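Visitor: So here's protein.cif (mmCIF, C-alpha atoms and all ligand atoms).
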data_upload
#
loop_
_atom_site.label_atom_id
_atom_site.label_comp_id
_atom_site.auth_asym_id
_atom_site.auth_seq_id
_atom_site.Cartn_x
_atom_site.Cartn_y
_atom_site.Cartn_z
CA MET I 1 35.69 -101.55 126.51
CA ALA I 2 35.35 -104.16 129.21
CA HIS I 3 37.36 -104.89 132.32
CA VAL I 4 37.90 -108.56 131.64
CA ARG I 5 39.07 -109.78 135.06
CA SER I 6 36.45 -107.79 136.98
CA LEU I 7 33.83 -109.01 134.53
CA PHE I 8 34.32 -112.70 135.31
CA PHE I 9 36.18 -112.64 138.66
CA GLU I 10 37.12 -109.92 141.15
CA GLY I 11 39.56 -107.26 139.97
CA VAL I 12 40.76 -103.75 140.51
CA ALA I 13 37.88 -102.39 138.40
CA SER I 14 35.11 -104.24 140.27
CA GLU I 15 34.11 -101.16 142.28
CA SER I 16 33.96 -98.82 139.27
CA GLU I 17 32.02 -101.50 137.33
CA THR I 18 29.44 -101.62 140.15
CA ARG I 19 29.14 -97.80 140.20
CA ALA I 20 28.67 -97.74 136.42
CA GLN I 21 25.95 -100.40 136.60
CA GLN I 22 24.12 -98.50 139.33
CA ALA I 23 24.32 -95.28 137.29
CA LYS I 24 22.91 -97.05 134.25
CA ARG I 25 20.02 -98.51 136.23
CA LEU I 26 19.19 -94.95 137.30
CA GLY I 27 19.33 -93.75 133.67
CA ARG I 28 22.43 -91.61 134.37
CA PRO I 29 25.67 -91.48 132.37
CA SER I 30 27.56 -94.66 133.31
CA SER I 31 30.98 -93.19 132.48
CA LEU I 32 32.22 -89.94 131.01
CA ILE I 33 35.36 -89.16 129.04
CA TRP I 34 36.00 -85.45 128.69
CA ASN I 35 38.61 -84.29 126.18
CA ILE I 36 39.37 -81.00 127.93
CA THR I 37 41.77 -79.96 125.16
CA ASN I 38 42.95 -81.15 121.76
CA ARG I 39 46.41 -79.73 122.38
CA CYS I 40 49.34 -82.07 122.87
CA ASN I 41 53.10 -81.87 123.27
CA LEU I 42 53.61 -85.22 121.49
CA LEU I 43 52.85 -86.23 117.91
CA CYS I 44 52.03 -89.95 118.14
CA SER I 45 51.89 -91.40 114.65
CA HIS I 46 48.60 -93.27 115.28
CA CYS I 47 46.72 -90.51 117.19
CA TYR I 48 43.00 -90.62 116.33
CA MET I 49 42.69 -87.03 117.57
CA ALA I 50 45.57 -85.89 115.34
CA ALA I 51 46.46 -83.82 118.41
CA ASP I 52 49.25 -81.26 118.09
CA GLY I 53 50.15 -77.84 119.48
CA HIS I 54 46.91 -76.17 118.36
CA VAL I 55 43.89 -75.34 120.50
CA LYS I 56 40.54 -75.79 118.75
CA PRO I 57 39.02 -72.33 118.17
CA ASP I 58 35.72 -73.22 119.86
CA GLN I 59 37.25 -74.97 122.89
CA LEU I 60 35.07 -74.58 126.01
CA SER I 61 36.17 -71.50 127.93
CA ASP I 62 37.36 -71.83 131.53
CA GLU I 63 33.98 -70.61 132.80
CA GLN I 64 32.13 -73.07 130.55
CA ALA I 65 34.39 -75.85 131.81
CA TYR I 66 33.56 -75.05 135.46
CA GLU I 67 29.87 -74.94 134.59
CA MET I 68 30.28 -78.41 133.05
CA VAL I 69 31.63 -79.71 136.34
CA ASP I 70 28.55 -78.35 138.17
CA ARG I 71 26.30 -80.01 135.62
CA MET I 72 28.13 -83.33 135.99
CA GLU I 73 27.51 -83.20 139.72
CA GLU I 74 23.79 -82.50 139.19
CA ALA I 75 23.56 -85.34 136.64
CA GLY I 76 25.10 -87.85 139.09
CA VAL I 77 28.07 -88.76 136.87
CA PRO I 78 29.98 -91.43 138.87
CA VAL I 79 33.39 -91.08 137.24
CA VAL I 80 35.03 -88.71 134.77
CA PHE I 81 38.16 -89.43 132.71
CA LEU I 82 39.97 -86.21 131.89
CA SER I 83 41.62 -86.81 128.55
CA GLY I 84 42.80 -84.96 125.47
CA GLY I 85 45.04 -84.24 123.64
CA GLU I 86 47.16 -83.95 126.71
CA PRO I 87 44.82 -82.84 129.54
CA MET I 88 47.66 -81.64 131.77
CA MET I 89 48.57 -79.03 129.12
CA ARG I 90 45.35 -77.13 129.69
CA PRO I 91 46.39 -74.12 131.81
CA ASN I 92 43.45 -74.53 134.23
CA PHE I 93 43.82 -78.34 134.48
CA TRP I 94 44.40 -78.22 138.25
CA GLU I 95 41.40 -75.98 138.88
CA ILE I 96 39.13 -78.27 136.81
CA LEU I 97 40.45 -81.27 138.75
CA LYS I 98 39.96 -79.57 142.11
CA ARG I 99 36.34 -78.73 141.27
CA ILE I 100 35.59 -82.27 140.01
CA ASN I 101 36.92 -83.75 143.23
CA LYS I 102 34.94 -81.24 145.34
CA ALA I 103 31.79 -82.13 143.35
CA GLY I 104 32.10 -85.77 144.48
CA VAL I 105 32.74 -87.10 140.96
CA GLN I 106 35.63 -89.61 140.88
CA PRO I 107 38.41 -88.13 138.68
CA THR I 108 40.71 -90.29 136.56
CA ILE I 109 43.33 -88.83 134.23
CA SER I 110 44.37 -90.17 130.84
CA THR I 111 47.80 -88.60 130.26
CA ASN I 112 51.04 -89.18 128.40
CA CYS I 113 52.71 -88.58 131.80
CA THR I 114 55.33 -86.13 130.50
CA PHE I 115 54.16 -83.59 133.13
CA VAL I 116 53.94 -86.02 136.06
CA THR I 117 56.87 -84.95 138.23
CA PRO I 118 57.11 -86.29 141.83
CA LYS I 119 55.37 -83.07 143.00
CA ALA I 120 52.60 -83.40 140.39
CA ALA I 121 52.07 -87.06 141.36
CA GLN I 122 51.57 -85.99 144.97
CA ARG I 123 49.24 -83.19 143.93
CA LEU I 124 47.14 -85.58 141.83
CA ALA I 125 46.76 -87.87 144.85
CA GLU I 126 45.77 -84.90 147.06
CA ASN I 127 43.09 -83.97 144.52
CA GLY I 128 41.33 -87.32 144.73
CA VAL I 129 42.95 -89.08 141.75
CA ARG I 130 43.11 -92.78 142.55
CA PHE I 131 43.88 -93.97 139.00
CA ILE I 132 45.99 -92.64 136.14
CA ALA I 133 45.99 -94.15 132.65
CA THR I 134 49.14 -93.65 130.62
CA SER I 135 50.52 -94.96 127.36
CA ILE I 136 53.47 -97.24 126.52
CA TYR I 137 53.94 -98.63 123.01
CA GLY I 138 57.08 -100.71 123.23
CA PRO I 139 60.78 -100.39 124.14
CA GLU I 140 62.41 -96.97 124.49
CA TYR I 141 63.60 -96.64 120.86
CA TYR I 142 60.17 -97.56 119.50
CA HIS I 143 58.10 -95.51 121.98
CA ASP I 144 60.16 -92.37 121.34
CA ALA I 145 59.98 -92.84 117.56
CA LEU I 146 56.18 -93.27 117.69
CA THR I 147 55.62 -90.21 119.90
CA GLN I 148 58.13 -88.27 117.76
CA VAL I 149 59.64 -86.73 120.91
CA PRO I 150 62.88 -88.19 122.32
CA GLY I 151 62.95 -88.85 126.06
CA THR I 152 59.23 -89.62 126.48
CA TYR I 153 59.75 -93.30 127.37
CA GLN I 154 62.08 -92.45 130.26
CA LYS I 155 59.60 -89.79 131.44
CA VAL I 156 56.65 -92.17 131.48
CA VAL I 157 58.56 -94.89 133.35
CA LYS I 158 59.74 -92.36 135.98
CA ALA I 159 56.23 -90.92 136.25
CA ILE I 160 54.73 -94.38 136.91
CA LYS I 161 57.21 -94.83 139.76
CA ASN I 162 56.32 -91.36 141.13
CA LEU I 163 52.62 -92.15 140.97
CA ARG I 164 52.99 -95.51 142.70
CA ALA I 165 55.09 -93.82 145.41
CA ALA I 166 52.23 -91.31 145.88
CA GLY I 167 49.72 -94.17 146.20
CA VAL I 168 48.06 -93.61 142.80
CA LYS I 169 47.17 -96.75 140.82
CA VAL I 170 48.32 -96.88 137.21
CA ALA I 171 46.79 -98.31 134.05
CA VAL I 172 49.10 -98.78 131.08
CA LYS I 173 47.41 -98.29 127.72
CA THR I 174 48.62 -99.37 124.32
CA ALA I 175 47.20 -99.30 120.82
CA LEU I 176 47.63 -102.69 119.16
CA THR I 177 49.10 -102.57 115.66
CA ARG I 178 51.19 -104.89 113.51
CA GLU I 179 54.21 -103.11 115.00
CA THR I 180 53.23 -102.93 118.70
CA TYR I 181 52.04 -106.57 118.64
CA GLU I 182 55.70 -107.55 118.63
CA PHE I 183 56.14 -105.88 122.04
CA ILE I 184 52.81 -106.66 123.71
CA TYR I 185 54.06 -109.48 125.96
CA ASP I 186 57.01 -107.31 127.07
CA ILE I 187 54.53 -104.52 127.86
CA VAL I 188 52.58 -106.97 130.07
CA THR I 189 55.82 -107.85 131.90
CA LEU I 190 56.79 -104.18 132.27
CA ALA I 191 53.33 -103.25 133.60
CA LYS I 192 53.67 -105.96 136.25
CA GLU I 193 57.25 -104.96 137.12
CA LEU I 194 56.15 -101.33 137.57
CA ASP I 195 53.29 -102.45 139.85
CA CYS I 196 50.57 -101.25 137.47
CA SER I 197 47.05 -102.56 138.08
CA LEU I 198 45.58 -102.60 134.61
CA LEU I 199 46.59 -103.03 130.98
CA TYR I 200 44.29 -101.46 128.39
CA ILE I 201 44.83 -102.90 124.93
CA CYS I 202 42.98 -101.05 122.19
CA ASP I 203 42.54 -102.22 118.63
CA LEU I 204 43.87 -99.64 116.17
CA ILE I 205 41.19 -97.17 115.12
CA THR I 206 42.14 -95.90 111.70
CA SER I 207 41.32 -92.24 112.00
CA GLY I 208 43.16 -88.97 112.62
CA ARG I 209 46.88 -89.53 111.94
CA SER I 210 46.26 -93.25 111.28
CA ALA I 211 43.42 -92.69 108.77
CA GLY I 212 43.64 -95.18 105.91
CA GLU I 213 46.15 -97.44 107.70
CA GLU I 214 43.96 -100.56 107.77
CA ASN I 215 47.06 -102.60 106.85
CA MET I 216 48.47 -101.74 110.30
CA ARG I 217 45.67 -103.68 112.09
CA VAL I 218 46.59 -107.06 113.55
CA SER I 219 45.03 -110.24 112.16
CA VAL I 220 42.17 -112.23 113.69
CA ASP I 221 44.64 -115.01 114.60
CA GLN I 222 46.88 -112.56 116.42
CA TRP I 223 43.93 -111.19 118.42
CA ARG I 224 42.87 -114.77 119.28
CA ARG I 225 46.39 -115.64 120.46
CA LEU I 226 46.45 -112.51 122.62
CA CYS I 227 43.05 -113.36 124.14
CA ASP I 228 44.29 -116.91 124.86
CA PHE I 229 47.22 -115.35 126.71
CA VAL I 230 44.85 -113.09 128.70
CA VAL I 231 42.82 -116.17 129.73
CA ASP I 232 45.98 -117.98 130.86
CA ASP I 233 47.16 -114.94 132.80
CA MET I 234 43.80 -114.46 134.54
CA LEU I 235 43.86 -118.12 135.60
CA ASP I 236 47.42 -117.80 136.93
CA PRO I 237 47.11 -117.35 140.73
CA ALA I 238 50.36 -115.33 140.72
CA SER I 239 48.84 -112.60 138.49
CA SER I 240 46.28 -109.98 139.46
CA LEU I 241 46.67 -107.73 136.40
CA GLU I 242 43.32 -106.38 135.15
CA TYR I 243 42.84 -106.32 131.39
CA ASP I 244 40.66 -103.90 129.49
CA ILE I 245 40.16 -104.48 125.77
CA GLY I 246 38.98 -101.61 123.59
CA ALA I 247 37.34 -101.26 120.17
CA ILE I 248 37.06 -105.00 119.49
CA PRO I 249 34.10 -106.23 121.56
CA SER I 250 33.99 -109.72 120.03
CA THR I 251 37.07 -110.53 122.15
CA ILE I 252 34.78 -110.63 125.21
CA PRO I 253 32.50 -113.51 124.14
CA TYR I 254 35.63 -115.18 122.71
CA ILE I 255 37.28 -115.04 126.16
CA ALA I 256 34.05 -116.14 127.89
CA GLU I 257 33.88 -119.22 125.65
CA LYS I 258 37.52 -120.05 126.42
CA LEU I 259 36.87 -119.71 130.17
CA VAL I 260 33.87 -122.05 129.92
CA ALA I 261 36.06 -124.56 128.07
CA ARG I 262 38.48 -124.36 131.04
CA GLY I 263 35.66 -125.14 133.49
CA VAL I 264 35.18 -121.58 134.78
CA ASP I 265 31.73 -120.40 135.87
CA VAL I 266 31.11 -117.24 133.79
CA SER I 267 27.65 -116.47 135.16
CA LYS I 268 28.88 -113.26 136.84
CA GLY I 269 29.98 -111.91 133.45
CA LEU I 270 26.81 -113.04 131.69
CA LYS I 271 24.73 -111.25 134.31
CA ARG I 272 26.74 -108.06 133.72
CA PHE I 273 25.99 -108.39 130.00
CA GLN I 274 22.32 -108.00 130.86
CA THR I 275 23.16 -104.39 131.81
CA PHE I 276 26.08 -103.59 129.50
CA SER I 277 27.09 -104.86 126.10
CA ALA I 278 30.82 -105.21 125.37
CA CYS I 279 30.63 -102.20 123.01
CA PRO I 280 29.73 -99.26 125.27
CA VAL I 281 27.85 -97.24 122.63
CA GLY I 282 24.27 -96.59 123.82
CA GLN I 283 25.07 -97.89 127.30
CA GLY I 284 25.32 -94.51 129.05
CA HIS I 285 28.94 -94.09 127.99
CA MET I 286 29.43 -90.41 127.11
CA THR I 287 32.36 -88.51 125.65
CA ILE I 288 32.45 -84.74 125.50
CA ASN I 289 34.95 -83.19 123.13
CA SER I 290 36.90 -80.00 123.75
CA GLU I 291 34.21 -77.96 121.99
CA GLY I 292 31.30 -79.45 123.96
CA GLY I 293 30.17 -82.01 121.36
CA VAL I 294 28.49 -85.02 123.00
CA MET I 295 29.75 -88.25 121.46
CA PRO I 296 28.71 -91.89 121.89
CA CYS I 297 32.41 -92.87 121.70
CA GLN I 298 35.70 -91.01 121.95
CA PHE I 299 37.07 -92.68 118.82
CA ALA I 300 34.64 -90.89 116.49
CA GLN I 301 34.99 -87.19 117.22
CA ASP I 302 32.67 -86.34 114.32
CA TRP I 303 29.76 -88.52 115.56
CA THR I 304 27.85 -86.28 117.96
CA VAL I 305 24.30 -86.27 119.30
CA GLY I 306 24.32 -82.53 120.10
CA ASN I 307 26.38 -79.93 121.90
CA ILE I 308 26.32 -79.58 125.66
CA HIS I 309 25.90 -75.79 125.14
CA ASP I 310 22.51 -76.42 123.57
CA ILE I 311 21.09 -79.41 125.44
CA SER I 312 20.79 -80.40 129.08
CA PHE I 313 22.86 -83.21 130.54
CA ASP I 314 19.65 -85.25 130.90
CA GLU I 315 18.82 -84.72 127.23
CA ALA I 316 22.37 -85.68 126.19
CA THR I 317 22.18 -88.80 128.36
CA SER I 318 18.84 -89.91 126.98
CA ARG I 319 19.96 -89.31 123.36
CA LEU I 320 22.87 -91.67 124.02
CA TYR I 321 20.66 -94.32 125.64
CA GLU I 322 18.32 -94.08 122.63
CA LEU I 323 21.15 -95.50 120.47
CA ASP I 324 20.67 -98.78 122.31
CA ALA I 325 17.26 -99.19 120.68
CA ALA I 326 18.74 -99.94 117.25
CA ASP I 327 19.85 -103.50 116.54
CA SER I 328 23.11 -104.10 114.72
CA SER I 329 22.70 -105.51 111.21
CA GLY I 330 24.47 -107.97 108.88
CA GLN I 331 26.59 -110.57 110.69
CA CYS I 332 25.98 -108.71 114.00
CA ALA I 333 22.15 -108.81 113.70
CA PRO I 334 20.24 -110.75 116.39
CA GLU I 335 19.09 -113.28 113.74
CA ALA I 336 22.69 -113.83 112.59
CA CYS I 337 24.59 -113.84 115.88
CA ASP I 338 23.34 -115.02 119.28
CA TYR I 339 25.78 -112.60 120.91
CA SER I 340 24.28 -109.61 119.14
CA ARG I 341 22.95 -107.94 122.31
CA ILE I 342 25.89 -108.75 124.58
CA CYS I 343 28.58 -107.79 122.06
CA ARG I 344 26.95 -105.47 119.49
CA GLY I 345 30.20 -105.32 117.48
CA CYS I 346 32.26 -102.10 117.39
CA ARG I 347 29.78 -99.37 116.45
CA VAL I 348 32.51 -96.79 115.83
CA LYS I 349 34.24 -98.92 113.20
CA ALA I 350 30.84 -99.28 111.48
CA TRP I 351 30.31 -95.50 111.68
CA GLN I 352 33.74 -94.74 110.30
CA ALA I 353 33.44 -97.26 107.46
CA THR I 354 30.01 -96.15 106.22
CA GLY I 355 28.47 -93.34 108.30
CA ASN I 356 25.92 -95.94 109.56
CA ALA I 357 26.80 -96.98 113.11
CA PHE I 358 24.57 -100.05 113.05
CA ILE I 359 25.96 -102.11 110.19
CA GLU I 360 28.06 -105.19 110.93
CA ASP I 361 31.52 -105.08 112.50
CA THR I 362 33.80 -106.73 109.98
CA THR I 363 36.63 -107.07 112.52
CA CYS I 364 34.86 -109.82 114.54
CA ILE I 365 37.35 -112.40 115.84
CA LEU I 366 34.76 -115.18 116.16
CA ASP I 367 34.03 -117.61 113.38
CA THR I 368 31.06 -115.84 111.81
CA ASN I 369 29.36 -119.14 110.87
CA GLY I 370 30.46 -120.93 114.02
CA GLU I 371 28.26 -122.13 116.87
CA ARG I 372 27.63 -119.66 119.74
CA THR I 373 27.91 -121.72 122.93
CA LEU I 374 27.33 -119.18 125.72
CA PRO I 375 23.89 -119.33 127.36
CA VAL I 376 22.89 -115.72 126.68
CA THR I 377 19.76 -114.43 128.43
CA ALA I 378 17.43 -112.38 126.27
CA ARG I 379 16.91 -108.74 127.27
CA GLU I 380 13.22 -109.35 128.01
CA GLU I 381 14.07 -112.09 130.53
CA ALA I 382 16.67 -109.85 132.14
CA VAL I 383 14.13 -107.07 132.56
CA ALA I 384 11.64 -109.51 134.08
CA ALA I 385 14.35 -110.57 136.54
CA GLY I 386 14.92 -106.90 137.41
CA HIS I 387 18.51 -106.76 136.18
CA VAL I 388 17.95 -104.05 133.56
CA ALA I 389 16.20 -100.72 133.96
CA PRO I 390 13.30 -100.45 131.50
CA CYS I 391 14.88 -97.30 130.00
CA ALA I 392 17.84 -99.40 128.86
CA VAL I 393 15.72 -101.79 126.83
CA SER I 394 15.38 -101.77 123.07
CA GLY I 395 12.44 -99.75 121.88
CA CYS I 396 11.57 -98.02 125.15
C1 LIG R 401 44.14 -89.71 122.64
S1 LIG R 401 45.15 -90.21 124.00
C2 LIG R 401 44.83 -88.92 125.19
C3 LIG R 401 45.58 -89.09 126.49
C4 LIG R 401 47.08 -88.92 126.45
N1 LIG R 401 47.51 -87.87 125.61
C5 LIG R 401 47.77 -90.23 126.09
O1 LIG R 401 48.27 -90.34 124.98
O2 LIG R 401 47.79 -91.13 126.93
C6 LIG R 401 44.27 -91.59 124.73
C7 LIG R 401 44.69 -92.96 124.24
O3 LIG R 401 44.21 -93.14 122.93
C8 LIG R 401 45.11 -93.99 122.26
N2 LIG R 401 44.97 -93.83 120.82
C9 LIG R 401 45.31 -92.75 120.10
N3 LIG R 401 45.06 -92.97 118.81
C10 LIG R 401 44.56 -94.22 118.70
C11 LIG R 401 44.11 -95.01 117.61
N4 LIG R 401 44.15 -94.54 116.37
N5 LIG R 401 43.64 -96.25 117.87
C12 LIG R 401 43.60 -96.73 119.14
N6 LIG R 401 44.01 -96.02 120.22
C13 LIG R 401 44.50 -94.77 119.99
C14 LIG R 401 46.45 -93.52 122.73
O4 LIG R 401 47.43 -94.52 122.48
C15 LIG R 401 46.18 -93.24 124.19
O5 LIG R 401 46.48 -94.39 124.95
S1 LIG R 402 47.99 -90.27 121.64
FE1 LIG R 402 47.96 -88.83 123.39
S2 LIG R 402 50.12 -88.21 123.64
FE2 LIG R 402 49.94 -89.08 121.61
S3 LIG R 402 49.58 -87.30 120.23
FE3 LIG R 402 47.56 -88.21 120.78
S4 LIG R 402 46.88 -87.04 122.53
FE4 LIG R 402 49.12 -86.68 122.33
S1 LIG R 403 29.18 -111.16 114.77
FE1 LIG R 403 29.11 -109.06 115.61
S2 LIG R 403 27.83 -109.22 117.46
FE2 LIG R 403 28.46 -111.32 116.91
S3 LIG R 403 30.31 -111.71 118.11
FE3 LIG R 403 30.98 -110.90 116.11
S4 LIG R 403 31.18 -108.66 116.38
FE4 LIG R 403 29.98 -109.46 118.11
#
Take the structure in the file and write it out as structure tokens.
Ligand SMILES: C[S@@+](CC[C@H](N)C(=O)[O-])C[C@H]1O[C@@H](n2cnc3c(N)ncnc32)[C@H](O)[C@@H]1O
Ligand code: SF4
Ligand code: SF4

Guide:
Amino acid sequence: MAHVRSLFFEGVASESETRAQQAKRLGRPSSLIWNITNRCNLLCSHCYMAADGHVKPDQLSDEQAYEMVDRMEEAGVPVVFLSGGEPMMRPNFWEILKRINKAGVQPTISTNCTFVTPKAAQRLAENGVRFIATSIYGPEYYHDALTQVPGTYQKVVKAIKNLRAAGVKVAVKTALTRETYEFIYDIVTLAKELDCSLLYICDLITSGRSAGEENMRVSVDQWRRLCDFVVDDMLDPASSLEYDIGAIPSTIPYIAEKLVARGVDVSKGLKRFQTFSACPVGQGHMTINSEGGVMPCQFAQDWTVGNIHDISFDEATSRLYELDAADSSGQCAPEACDYSRICRGCRVKAWQATGNAFIEDTTCILDTNGERTLPVTAREEAVAAGHVAPCAVSGC
């Protein structure tokens, strides 16, 4: 998870990046995704949550949800992403949102947009929502087949227009698979035509309804071609689209190397890497599931460090930061890869493959035996220069 344009240049995510860095320096959660429900009105074939019409029996009650908002405020959480399932299906969604906004935490909603009518778009804006993230997987026939509910493509396109009319910025998200790869460049064009600010492209995580579908992942060459396109687009003065790439952190050093080869100064991005690795696990990134489980990453709902019922927000935050102390192993170990600390490899894929989050990421798009050309500053030097809070350093 890294906002590529804001990382190396200025982009729409620059402000939230700065807030996240400040929060990390203070030892606070740097970002928080809260799955307020597992329920969903769609049945996307790839859904890692396997969300459907059911509510989890131990879902946080309304009172517990409001208490969570108070605790987020006390903990100094800078931004919360309300997600799901479909967050807007939770009956007290609007009350949760109102309280988050009142608490001074920046709310962002991750929604399939089927409930975003013109009135709802206006109401979201009035409740402090500046950004909505919504999903598009391809043309109408494909999107509706994947979500298994006819009419959803038309709804999402209309909703994006409603949101833009209400002054809310929109991020389009897509999960990259062998099938959606065919449409990815059309999705870029559509996002620009609909005046969206950001495109989030996430590598397929094979869990939930896509468990066992490793054959649906795109190849290394396809990922490289897509990254080359992202580099070209970022260097095109006519484009301002922000890109966020999820669950495949090796794309970030790959893109940095390509920018260097094009004569771009990447020192801004390298400095950011002294605070955050491309994989957000152990970097203050927190996900709370609908039952209160505290997770290092939303893609592994069964990897928790405790339940927010039982531990304080501070304790949950420090347990997540403690994960940063472990080095990755195998081809991602510091001895094997100079980018070990800035990339870390995808820790969730390692967890899902073996139950050990710190083994190598076998989906790396770099040449594993190739030369690493970026001048990466060691953590110790970064601490000496005051860029990293001591609590964020290995072994502290
Ligand atoms: C779980 S949904 C929740 C928010 C909302 N219901 C939606 O679909 O936008 C959040 C995002 O996760 C993505 N996603 C779901 N399953 C995935 C998987 N197996 N791999 C990668 N991304 C996935 C979806 O495409 C969606 O963009
Ligand atoms: S990806 Fe989102 S919209 Fe699709 S089933 Fe999962 S939670 Fe629902
Ligand atoms: S080997 Fe691992 S740490 Fe190095 S670039 Fe690849 S995924 Fe990242």

Visitor: Using only C-alpha atoms and all ligand atoms, pick whichever of I:Ala13, I:Ala2, I:Ala171, I:Met49 has the shortest atom-to-atom distance to ligand LIG 402 (chain R).

Guide: I:Met49

Visitor: Within 12 Å of (19.6, -85.1, 139.9), in the coordinates the file gives, what residues turn up when you count all atoms listed in the file, written out as JSON, numbers by chain?

Guide: {"I": [23, 26, 27, 28, 29, 70, 71, 72, 73, 74, 75, 76, 77, 312, 313, 314]}

Visitor: Name each residue within 9 Å of ligand LIG 401 (chain R), counting all atoms listed in the file, as number ranges by chain.

Guide: I: 35, 38-42, 44-51, 82-88, 109-113, 133-137, 147, 172-177, 200-211, 246-247, 298-299

Visitor: Please provide as a PyMOL selection string all residues within 8 Å of Gly345 in chain I, with the sequence filter that same-chain residues fewer than 5 positions apart are discarded (counting all atoms listed in the file).

Guide: chain I and resi 248-250+278-279+328+332+340+360-361+364

Visitor: If we count only C-alpha atoms and set the cut-off at 12 Å, which residues sit around Phe229 in chain I, ignoring sequence neighbours fewer than 2 positions away in its own chain? Please answer as a PyMOL selection string.

Guide: chain I and resi 184-185+188+222-227+231-236+243+255+258-259

Visitor: Go through the chains and note each residue within 12 Å of ligand LIG 403 (chain R), using all atoms listed in the file, then give the set as a CSV table (one decimal) with C-alpha atoms, in the coordinates of the input.

Guide:
chain,number,residue,atom,x,y,z
I,220,VAL,CA,42.2,-112.2,113.7
I,247,ALA,CA,37.3,-101.3,120.2
I,248,ILE,CA,37.1,-105.0,119.5
I,249,PRO,CA,34.1,-106.2,121.6
I,250,SER,CA,34.0,-109.7,120.0
I,251,THR,CA,37.1,-110.5,122.2
I,252,ILE,CA,34.8,-110.6,125.2
I,253,PRO,CA,32.5,-113.5,124.1
I,254,TYR,CA,35.6,-115.2,122.7
I,255,ILE,CA,37.3,-115.0,126.2
I,256,ALA,CA,34.0,-116.1,127.9
I,257,GLU,CA,33.9,-119.2,125.6
I,277,SER,CA,27.1,-104.9,126.1
I,278,ALA,CA,30.8,-105.2,125.4
I,279,CYS,CA,30.6,-102.2,123.0
I,327,ASP,CA,19.8,-103.5,116.5
I,328,SER,CA,23.1,-104.1,114.7
I,329,SER,CA,22.7,-105.5,111.2
I,330,GLY,CA,24.5,-108.0,108.9
I,331,GLN,CA,26.6,-110.6,110.7
I,332,CYS,CA,26.0,-108.7,114.0
I,333,ALA,CA,22.2,-108.8,113.7
I,334,PRO,CA,20.2,-110.8,116.4
I,335,GLU,CA,19.1,-113.3,113.7
I,336,ALA,CA,22.7,-113.8,112.6
I,337,CYS,CA,24.6,-113.8,115.9
I,338,ASP,CA,23.3,-115.0,119.3
I,339,TYR,CA,25.8,-112.6,120.9
I,340,SER,CA,24.3,-109.6,119.1
I,341,ARG,CA,23.0,-107.9,122.3
I,342,ILE,CA,25.9,-108.8,124.6
I,343,CYS,CA,28.6,-107.8,122.1
I,344,ARG,CA,27.0,-105.5,119.5
I,345,GLY,CA,30.2,-105.3,117.5
I,346,CYS,CA,32.3,-102.1,117.4
I,347,ARG,CA,29.8,-99.4,116.4
I,348,VAL,CA,32.5,-96.8,115.8
I,349,LYS,CA,34.2,-98.9,113.2
I,350,ALA,CA,30.8,-99.3,111.5
I,358,PHE,CA,24.6,-100.0,113.0
I,359,ILE,CA,26.0,-102.1,110.2
I,360,GLU,CA,28.1,-105.2,110.9
I,361,ASP,CA,31.5,-105.1,112.5
I,362,THR,CA,33.8,-106.7,110.0
I,363,THR,CA,36.6,-107.1,112.5
I,364,CYS,CA,34.9,-109.8,114.5
I,365,ILE,CA,37.4,-112.4,115.8
I,366,LEU,CA,34.8,-115.2,116.2
I,367,ASP,CA,34.0,-117.6,113.4
I,368,THR,CA,31.1,-115.8,111.8
I,369,ASN,CA,29.4,-119.1,110.9
I,370,GLY,CA,30.5,-120.9,114.0
I,371,GLU,CA,28.3,-122.1,116.9
I,372,ARG,CA,27.6,-119.7,119.7
I,373,THR,CA,27.9,-121.7,122.9
I,374,LEU,CA,27.3,-119.2,125.7

Visitor: For CA of Arg5 in chain I and CA of Val168 in chain I, quote the distance in Å rounded to one decimal.

Guide: 20.1 Å

Visitor: What does the distance from CA of Cys297 in chain I to CA of Ser6 in chain I come to in Å, to one decimal?

Guide: 21.7 Å

Visitor: Using only C-alpha atoms and all ligand atoms, pick whichever of I:His54, I:Lys102, I:Lys119, I:Arg178 has the shortest atom-to-atom distance to ligand LIG 402 (chain R).

Guide: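 Looking at the shortest contact to ligand LIG 402 (chain R), the residue is I:His54.
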
Visitor: Which distance in Å separates CA of Ala353 in chain I and CA of Asn215 in chain I, to one decimal?

Guide: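 Taking CA of Ala353 in chain I as the start and CA of Asn215 in chain I as the end point, the length is 14.6 Å.
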
Visitor: Looking at only C-alpha atoms, which of I:Arg130, I:Arg99, I:Lys24, I:Lys268 is the one that sits closest to Val12 in chain I?

Guide: I:Arg130
